[in-house]
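Below is start.tsv, which holds TSV, C-alpha atoms.
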chain	number	residue	atom	x	y	z
A	1	MET	CA	115.74	-59.44	-162.62
A	2	ALA	CA	113.81	-61.75	-160.34
A	3	VAL	CA	114.97	-64.68	-158.24
A	4	ALA	CA	112.78	-67.40	-156.74
A	5	SER	CA	114.64	-68.13	-153.50
A	6	LEU	CA	116.84	-66.65	-150.79
A	7	THR	CA	119.58	-69.08	-151.90
A	8	ALA	CA	119.42	-67.66	-155.44
A	9	LEU	CA	119.60	-64.08	-154.09
A	10	LYS	CA	122.71	-64.94	-152.05
A	11	ALA	CA	124.35	-66.43	-155.16
A	12	LEU	CA	123.42	-63.52	-157.45
A	13	SER	CA	126.22	-61.36	-158.82
A	14	THR	CA	126.42	-57.93	-157.23
A	15	THR	CA	126.66	-56.43	-160.72
A	16	GLU	CA	122.90	-57.09	-161.12
A	17	GLY	CA	122.29	-54.05	-158.90
A	18	ALA	CA	118.64	-54.76	-158.10
A	19	THR	CA	116.42	-57.82	-158.00
A	20	VAL	CA	113.02	-58.94	-156.87
A	21	LEU	CA	112.84	-61.92	-154.52
A	22	THR	CA	109.63	-63.87	-155.24
A	23	GLU	CA	109.94	-66.61	-152.58
A	24	ALA	CA	106.70	-66.87	-150.57
A	25	GLY	CA	106.96	-65.04	-147.25
A	26	ARG	CA	110.19	-63.27	-148.27
A	27	GLN	CA	109.00	-61.26	-151.29
A	28	GLY	CA	110.54	-57.88	-151.86
A	29	LEU	CA	112.83	-55.62	-153.81
A	30	PHE	CA	116.52	-55.90	-152.93
A	31	ILE	CA	119.26	-53.56	-154.08
A	32	TRP	CA	122.98	-54.28	-153.82
A	33	THR	CA	124.28	-51.59	-151.49
A	34	GLU	CA	127.93	-50.96	-150.75
A	35	GLY	CA	128.92	-50.35	-147.14
A	36	ASP	CA	129.73	-52.19	-143.93
A	37	TYR	CA	126.83	-54.45	-142.97
A	38	SER	CA	128.86	-56.61	-140.54
A	39	GLY	CA	127.34	-55.01	-137.45
A	40	PRO	CA	125.49	-51.99	-136.04
A	41	PRO	CA	124.20	-49.59	-137.15
A	42	LYS	CA	123.47	-51.24	-140.54
A	43	GLY	CA	123.89	-54.94	-139.81
A	44	PRO	CA	124.25	-57.73	-139.12
A	45	ALA	CA	122.73	-59.73	-141.97
A	46	ASP	CA	119.40	-61.26	-140.93
A	47	ASP	CA	118.28	-62.85	-144.23
A	48	ILE	CA	115.11	-60.72	-144.01
A	49	ASN	CA	116.18	-57.11	-144.62
A	50	ILE	CA	119.94	-57.57	-145.08
A	51	VAL	CA	121.20	-60.56	-147.06
A	52	LYS	CA	124.87	-61.53	-147.40
A	53	GLN	CA	126.05	-62.30	-150.93
A	54	ASP	CA	127.86	-65.68	-150.98
A	55	ASP	CA	131.17	-64.42	-152.40
A	56	THR	CA	131.35	-60.99	-150.77
A	57	ALA	CA	132.15	-60.01	-147.19
A	58	LEU	CA	129.51	-58.00	-145.28
A	59	THR	CA	132.14	-55.30	-144.79
A	60	VAL	CA	131.92	-54.65	-148.57
A	61	GLY	CA	128.14	-54.65	-149.00
A	62	ALA	CA	124.88	-56.58	-148.89
A	63	TRP	CA	121.54	-57.09	-150.59
A	64	VAL	CA	119.27	-54.62	-148.78
A	65	ARG	CA	115.46	-54.85	-148.78
A	66	GLN	CA	113.88	-51.63	-149.97
A	67	GLN	CA	110.98	-50.32	-147.93
A	68	ALA	CA	108.28	-48.28	-149.67
A	69	ASP	CA	109.69	-44.96	-148.40
A	70	ALA	CA	113.16	-45.88	-149.66
A	71	ILE	CA	111.90	-46.01	-153.24
A	72	SER	CA	111.39	-42.57	-154.69
A	73	PHE	CA	109.66	-41.01	-157.67
A	74	LYS	CA	110.53	-37.95	-159.72
A	75	LEU	CA	108.33	-36.74	-162.53
A	76	ASP	CA	110.34	-36.25	-165.71
A	77	ALA	CA	109.66	-32.51	-165.89
A	78	ILE	CA	111.58	-29.32	-165.19
A	79	GLY	CA	111.08	-28.19	-161.60
A	80	SER	CA	109.75	-31.51	-160.28
A	81	THR	CA	111.15	-32.87	-157.03
A	82	ARG	CA	111.90	-36.39	-155.84
A	83	ARG	CA	109.65	-37.82	-153.13
A	84	PRO	CA	108.85	-41.24	-151.63
A	85	THR	CA	106.77	-43.47	-153.89
A	86	SER	CA	104.43	-44.20	-150.98
A	87	THR	CA	103.36	-40.54	-150.87
A	88	LYS	CA	103.02	-40.42	-154.66
A	89	LEU	CA	100.73	-43.44	-154.60
A	90	GLY	CA	98.68	-41.79	-151.86
A	91	ASP	CA	97.90	-38.82	-154.13
A	92	VAL	CA	95.10	-40.71	-155.84
A	93	VAL	CA	92.29	-42.48	-154.05
A	94	SER	CA	90.48	-44.88	-156.33
A	95	VAL	CA	87.21	-46.71	-155.81
A	96	TYR	CA	89.31	-49.82	-156.62
A	97	ASP	CA	91.25	-49.18	-153.38
A	98	PHE	CA	88.02	-50.02	-151.54
A	99	GLY	CA	86.95	-53.06	-153.54
A	100	ALA	CA	84.95	-51.71	-156.47
A	101	ILE	CA	84.71	-54.19	-159.33
A	102	GLY	CA	83.25	-52.11	-162.19
A	103	ASP	CA	81.94	-55.10	-164.12
A	104	GLY	CA	78.34	-53.91	-164.43
A	105	GLU	CA	77.14	-56.84	-162.32
A	106	GLU	CA	78.52	-56.36	-158.81
A	107	ASP	CA	77.12	-53.68	-156.50
A	108	ASP	CA	79.88	-51.09	-156.02
A	109	THR	CA	77.95	-48.86	-153.60
A	110	ALA	CA	79.96	-49.75	-150.47
A	111	ALA	CA	83.30	-49.24	-152.26
A	112	PHE	CA	82.23	-45.83	-153.60
A	113	GLN	CA	81.01	-44.66	-150.18
A	114	ALA	CA	84.15	-45.91	-148.43
A	115	ALA	CA	86.35	-44.04	-150.93
A	116	ILE	CA	84.27	-40.86	-150.57
A	117	ASP	CA	84.38	-41.08	-146.77
A	118	ALA	CA	88.14	-41.72	-146.75
A	119	VAL	CA	88.85	-38.66	-148.90
A	120	ASN	CA	86.48	-36.57	-146.77
A	121	ALA	CA	88.34	-37.70	-143.63
A	122	ARG	CA	91.59	-36.48	-145.27
A	123	GLY	CA	90.06	-33.03	-145.66
A	124	GLY	CA	88.69	-33.44	-149.16
A	125	GLY	CA	90.00	-34.05	-152.64
A	126	SER	CA	89.30	-36.34	-155.56
A	127	VAL	CA	88.03	-39.89	-155.79
A	128	TYR	CA	89.12	-41.54	-159.04
A	129	ILE	CA	86.72	-43.81	-160.90
A	130	PRO	CA	88.70	-45.91	-163.41
A	131	ARG	CA	87.15	-47.13	-166.64
A	132	GLY	CA	84.41	-49.61	-165.88
A	133	ASP	CA	80.67	-50.15	-165.57
A	134	TYR	CA	79.60	-49.50	-161.96
A	135	ARG	CA	76.31	-50.24	-160.21
A	136	ILE	CA	75.21	-48.03	-157.30
A	137	SER	CA	72.16	-49.41	-155.48
A	138	ASP	CA	71.77	-47.10	-152.52
A	139	THR	CA	72.25	-43.53	-151.43
A	140	LEU	CA	75.77	-42.13	-151.72
A	141	ARG	CA	76.56	-39.33	-149.30
A	142	LEU	CA	78.61	-36.73	-151.14
A	143	TYR	CA	80.37	-33.76	-149.54
A	144	SER	CA	81.11	-30.35	-150.99
A	145	ASN	CA	84.87	-30.95	-150.57
A	146	ILE	CA	84.83	-34.14	-152.68
A	147	GLU	CA	85.23	-34.42	-156.43
A	148	LEU	CA	84.49	-37.65	-158.30
A	149	VAL	CA	86.77	-37.90	-161.34
A	150	GLY	CA	86.23	-40.57	-163.96
A	151	ALA	CA	87.73	-41.65	-167.24
A	152	GLY	CA	85.05	-39.89	-169.28
A	153	SER	CA	82.91	-42.13	-171.42
A	154	ALA	CA	84.84	-45.17	-170.17
A	155	SER	CA	83.53	-44.70	-166.59
A	156	VAL	CA	79.83	-45.57	-166.58
A	157	ILE	CA	77.84	-45.37	-163.35
A	158	HIS	CA	74.32	-46.77	-163.18
A	159	TRP	CA	72.81	-44.68	-160.38
A	160	ILE	CA	69.80	-45.96	-158.55
A	161	LYS	CA	69.72	-42.80	-156.42
A	162	ILE	CA	72.16	-40.20	-155.17
A	163	TYR	CA	71.64	-37.41	-152.68
A	164	PRO	CA	74.24	-34.64	-152.56
A	165	ASP	CA	75.39	-33.16	-149.29
A	166	SER	CA	72.61	-31.22	-147.54
A	167	ASP	CA	74.61	-27.96	-147.90
A	168	THR	CA	74.13	-28.04	-151.67
A	169	ARG	CA	70.33	-28.60	-151.69
A	170	LYS	CA	70.34	-29.48	-155.38
A	171	GLY	CA	68.19	-32.63	-155.34
A	172	PHE	CA	69.10	-36.07	-156.55
A	173	ILE	CA	69.47	-38.30	-159.58
A	174	LYS	CA	67.41	-41.48	-159.59
A	175	GLY	CA	67.68	-44.30	-162.09
A	176	ALA	CA	70.20	-42.50	-164.31
A	177	ALA	CA	73.30	-43.79	-166.04
A	178	CYS	CA	76.18	-41.32	-166.14
A	179	ARG	CA	79.49	-41.27	-167.92
A	180	VAL	CA	81.69	-39.52	-165.40
A	181	ARG	CA	84.25	-36.88	-166.27
A	182	ARG	CA	83.92	-34.79	-163.10
A	183	TRP	CA	81.34	-34.50	-160.34
A	184	LYS	CA	81.87	-32.10	-157.45
A	185	GLY	CA	79.30	-31.71	-154.72
A	186	SER	CA	76.13	-31.31	-156.75
A	187	SER	CA	77.82	-29.96	-159.90
A	188	CYS	CA	77.72	-32.58	-162.58
A	189	GLY	CA	80.22	-32.66	-165.43
A	190	THR	CA	78.72	-35.86	-166.75
A	191	SER	CA	76.69	-36.99	-169.68
A	192	CYS	CA	73.58	-38.47	-168.06

Let me see the structure of the file written as structure tokens.
Amino acid sequence: MAVASLTALKALSTTEGATVLTEAGRQGLFIWTEGDYSGPPKGPADDINIVKQDDTALTVGAWVRQQADAISFKLDAIGSTRRPTSTKLGDVVSVYDFGAIGDGEEDDTAAFQAAIDAVNARGGGSVYIPRGDYRISDTLRLYSNIELVGAGSASVIHWIKIYPDSDTRKGFIKGAACRVRRWKGSSCGTSC
């Protein structure tokens, strides 16, 4: 359920359980939470993070804004554990996170390099390349602890030139178009 104003949230029945407030400047997910919000440590209501429902005393409960770490994720599989959604979302670094467009027209070089550098700064890992048609117009510095992972034939990269990390000493690709499945250091799991 979504409501367009703080007034509508205050009037909403507590049986709704959760709602999204879409009012500009106040957007967020609110969940009806039972408990005493009339004063410290939980309250008082401030109409930002804690909102009093019109027909219910704050000693009974309030609409409480959910911060990213308060929302959790659990994979539907035996043995999985629940963890904050913010950490789950941080598992994957995408070139889109750094402004890549993937339309075949825009130059995505800066976005690719920023994503590669960010993953390298985290100690290594994978950079995801969603389906799209990417143009790379300058050298990309790759590192041996970075893996580029694409959506197979749906991730097309038009390389102008690429030089792998100096530790790999495997040369470069110039003027090639690749469909990326996996690329790690200088090992190419692509169809070029």

Which residues are near Ala62 of chain A? Cut-off 8 Å, all atoms listed in the file, ignore same chain within fewer than 3 positions. Put them as a tab-separated table (two decimals) with C-alpha atoms, in the frame of the given file.
chain	number	residue	atom	x	y	z
A	32	TRP	CA	122.98	-54.28	-153.82
A	33	THR	CA	124.28	-51.59	-151.49
A	34	GLU	CA	127.93	-50.96	-150.75
A	35	GLY	CA	128.92	-50.35	-147.14
A	37	TYR	CA	126.83	-54.45	-142.97
A	45	ALA	CA	122.73	-59.73	-141.97
A	50	ILE	CA	119.94	-57.57	-145.08
A	51	VAL	CA	121.20	-60.56	-147.06
A	52	LYS	CA	124.87	-61.53	-147.40
A	53	GLN	CA	126.05	-62.30	-150.93
A	58	LEU	CA	129.51	-58.00	-145.28

**Prompt:** At what distance in Å, to one decimal, does atom CA of Asp76 of chain A lie from atom CA of Gln27 of chain A?
**Reply:**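 Going from atom CA of Gln27 of chain A over to atom CA of Asp76 of chain A covers 28.9 Å.
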
**Asked** Expressed in Å to a single decimal, how great is the separation between atom CA of Ala118 of chain A and atom CA of Val149 of chain A?
**Response**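 Distance reported for this atom pair: 15.1 Å.
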
**Message:** Could you tell me how far atom CA of Ala110 of chain A sits from atom CA of Ser137 of chain A, in Å to one decimal place?
**Reply:** 9.3 Å

**Item:** Residue among A:Trp63, A:Asp46, A:Gly90, A:Asp55 lying closest to Leu21 of chain A, counting only C-alpha atoms
**Value:**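 Among the listed residues, A:Trp63 lies closest to Leu21 of chain A.
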
**Prompt:** So, counting all atoms listed in the file, which residue among A:Leu75, A:Val3, A:Leu148, A:Val93 is closest to Ala18 of chain A?
**Reply:** A:Val3

**Prompt:** Pick from A:Ile136, A:Ala24, A:Val64, A:Ile129: nearest to Gly152 of chain A, with only C-alpha atoms counted?
**Reply:**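 Closest residue, counting only C-alpha atoms: A:Ile129.
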
Size and centre in Å, one decimal, axis-aligned box, all listed segment 142-159 of chain A atoms plus 6 Å per side, as JSON:
{"center_x": 80.3, "center_y": -38.6, "center_z": -160.5, "size_x": 26.9, "size_y": 28.4, "size_z": 33.9}

**Asked** Given the choices A:Pro44, A:Gly79, A:Pro84, A:Gly102, which gets closest to Gln66 of chain A if the distance is worked out from all atoms listed in the file?
**Response** A:Pro84
